[in-house]
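> Structure in structure tokens, see below.
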Amino acid sequence: CFTYADSEDAVLLASRHITYHVDGGGQHHVDYYGMKHEVVECIDSDECFVDLNDEHAFQTSHLNDLVTESKVTFYHPDYVLQVPSRQHLINLLDLAAHLRNVSLFILVLFQLRRASVKLDYKFRDGKVTKISGPWQEAIRYVLGSSQNKEYDALFSKQFHDLDQFQDDSLDVFVDALCDVFVKYHRDRSIVPRPKQRSFLRKIIEAKECFHFSEVGSARTRREKG
């Protein structure tokens with residue numbers, strides 16, 4: 001992780017070709033945190049792809065088989081994790097597990113679940129425990145099956161509580177979403193216009209399912225639900 005000479009932004013590189021020097025307190029011992037396997041090897045992901053017949057298909061893969069290399073920038077002054085692709089999240093999750101950084105693991109897993117079709121966790125294989133200790137606690141916390149006040153306090157700064165708008169009008173909620181967009185966008189001069197806010201309200205209220213393609217392709221379509 002480093003910063004540029006002319007910027008306060010921080011850059012984090014994720015690559016298995018980098019050797020990480022950690023303390024000698026057992027960080028890379030096979031029994032550290034009760035794990036005899038890297039935790040990402042025990043997470044399966046349903047991957048969607050287009051086959052040779054241009055049909056969408058699904059394939060289950062071990063998450064560690066999907067790891068590549070990536071660079072993620074944390075922008076000053078908020079340093080909020082804003083990842084441009086799901087692949088970056090997979091790489092960061094692997095990095096967090098390799099460095100035994102449980103808090104980063106939780107933060108990335110929250111976002112990876114939102115960007116994934118389906119994730120399965122192999123806690124046990126017969127009588128063998130695969131995921132244990134803080135890793136198991138972390139995954140169960142993300143899944144909502146356990147509570148942890150320390151984690152709540154830590155991650156409340158990274159996420160917005162949408163429930164606070166449950167008694168407000170939809171216009172108030174849309175304006176709040178737009179304010180967050182402006183705050184965390186690199187170019188803060190870009191402010192959603194009334195037409196864009198109206199379209200956002202339409203998406204939220206619509207009974208159809210909207211399918212969005214790449215920006216500028218003009219291929220947005222909707223299907224009756």
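In the structure tokens, chains take letters A, B, ... by order of appearance, with residues numbered from 1 within each chain and ligands from 1 in the order shown.
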DSSP says strand (DSSP E) for which residues of range 39-223 of chain A? Put them as a ChimeraX atom specification?

/A:43-50,56-62,70-74,119-121,124-125,128-129,209-211,221-223

> Range 78-108 of chain A near range 144-168 of chain A within 12 Å: what's each residue's closest atom pair and its distance in Å to one decimal, counting only C-alpha atoms, ordered by chain then ascending residue number, as CSV?


residue,atom,partner,partner_atom,distance
A:Asp78,CA,A:Gln158,CA,9.4
A:Tyr79,CA,A:Gln158,CA,9.4
A:Val80,CA,A:Gln158,CA,6.4
A:Leu81,CA,A:Gln158,CA,7.6
A:Gln82,CA,A:Gln158,CA,10.0
A:Val102,CA,A:Tyr151,CA,10.3
A:Ser103,CA,A:Tyr151,CA,7.9
A:Leu104,CA,A:Phe155,CA,10.0
A:Phe105,CA,A:Phe155,CA,11.7
A:Ile106,CA,A:Tyr151,CA,8.9
A:Leu107,CA,A:Phe155,CA,7.3
A:Val108,CA,A:Gln158,CA,10.8

> Okay, now the selection with C-alpha atoms, as a CSV table (one decimal), in the first residue's frame?


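What landed in part-v2.csv:
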chain,number,residue,atom,x,y,z
A,78,ASP,CA,-12.8,9.6,3.2
A,79,TYR,CA,-10.7,6.6,2.1
A,80,VAL,CA,-14.0,4.6,1.6
A,81,LEU,CA,-13.6,1.3,-0.2
A,82,GLN,CA,-15.0,2.0,-3.7
A,102,VAL,CA,-10.3,-9.9,9.6
A,103,SER,CA,-11.8,-6.4,9.5
A,104,LEU,CA,-10.8,-5.9,5.8
A,105,PHE,CA,-12.1,-9.4,5.1
A,106,ILE,CA,-15.5,-8.5,6.5
A,107,LEU,CA,-15.7,-5.2,4.6
A,108,VAL,CA,-14.8,-6.8,1.3

> Taking only C-alpha atoms into account, which of A:Gln136, A:Tyr75, A:Leu12, A:Arg193 comes nearest Arg124 in chain A?

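With only C-alpha atoms as the atom set, the closest residue is A:Gln136.
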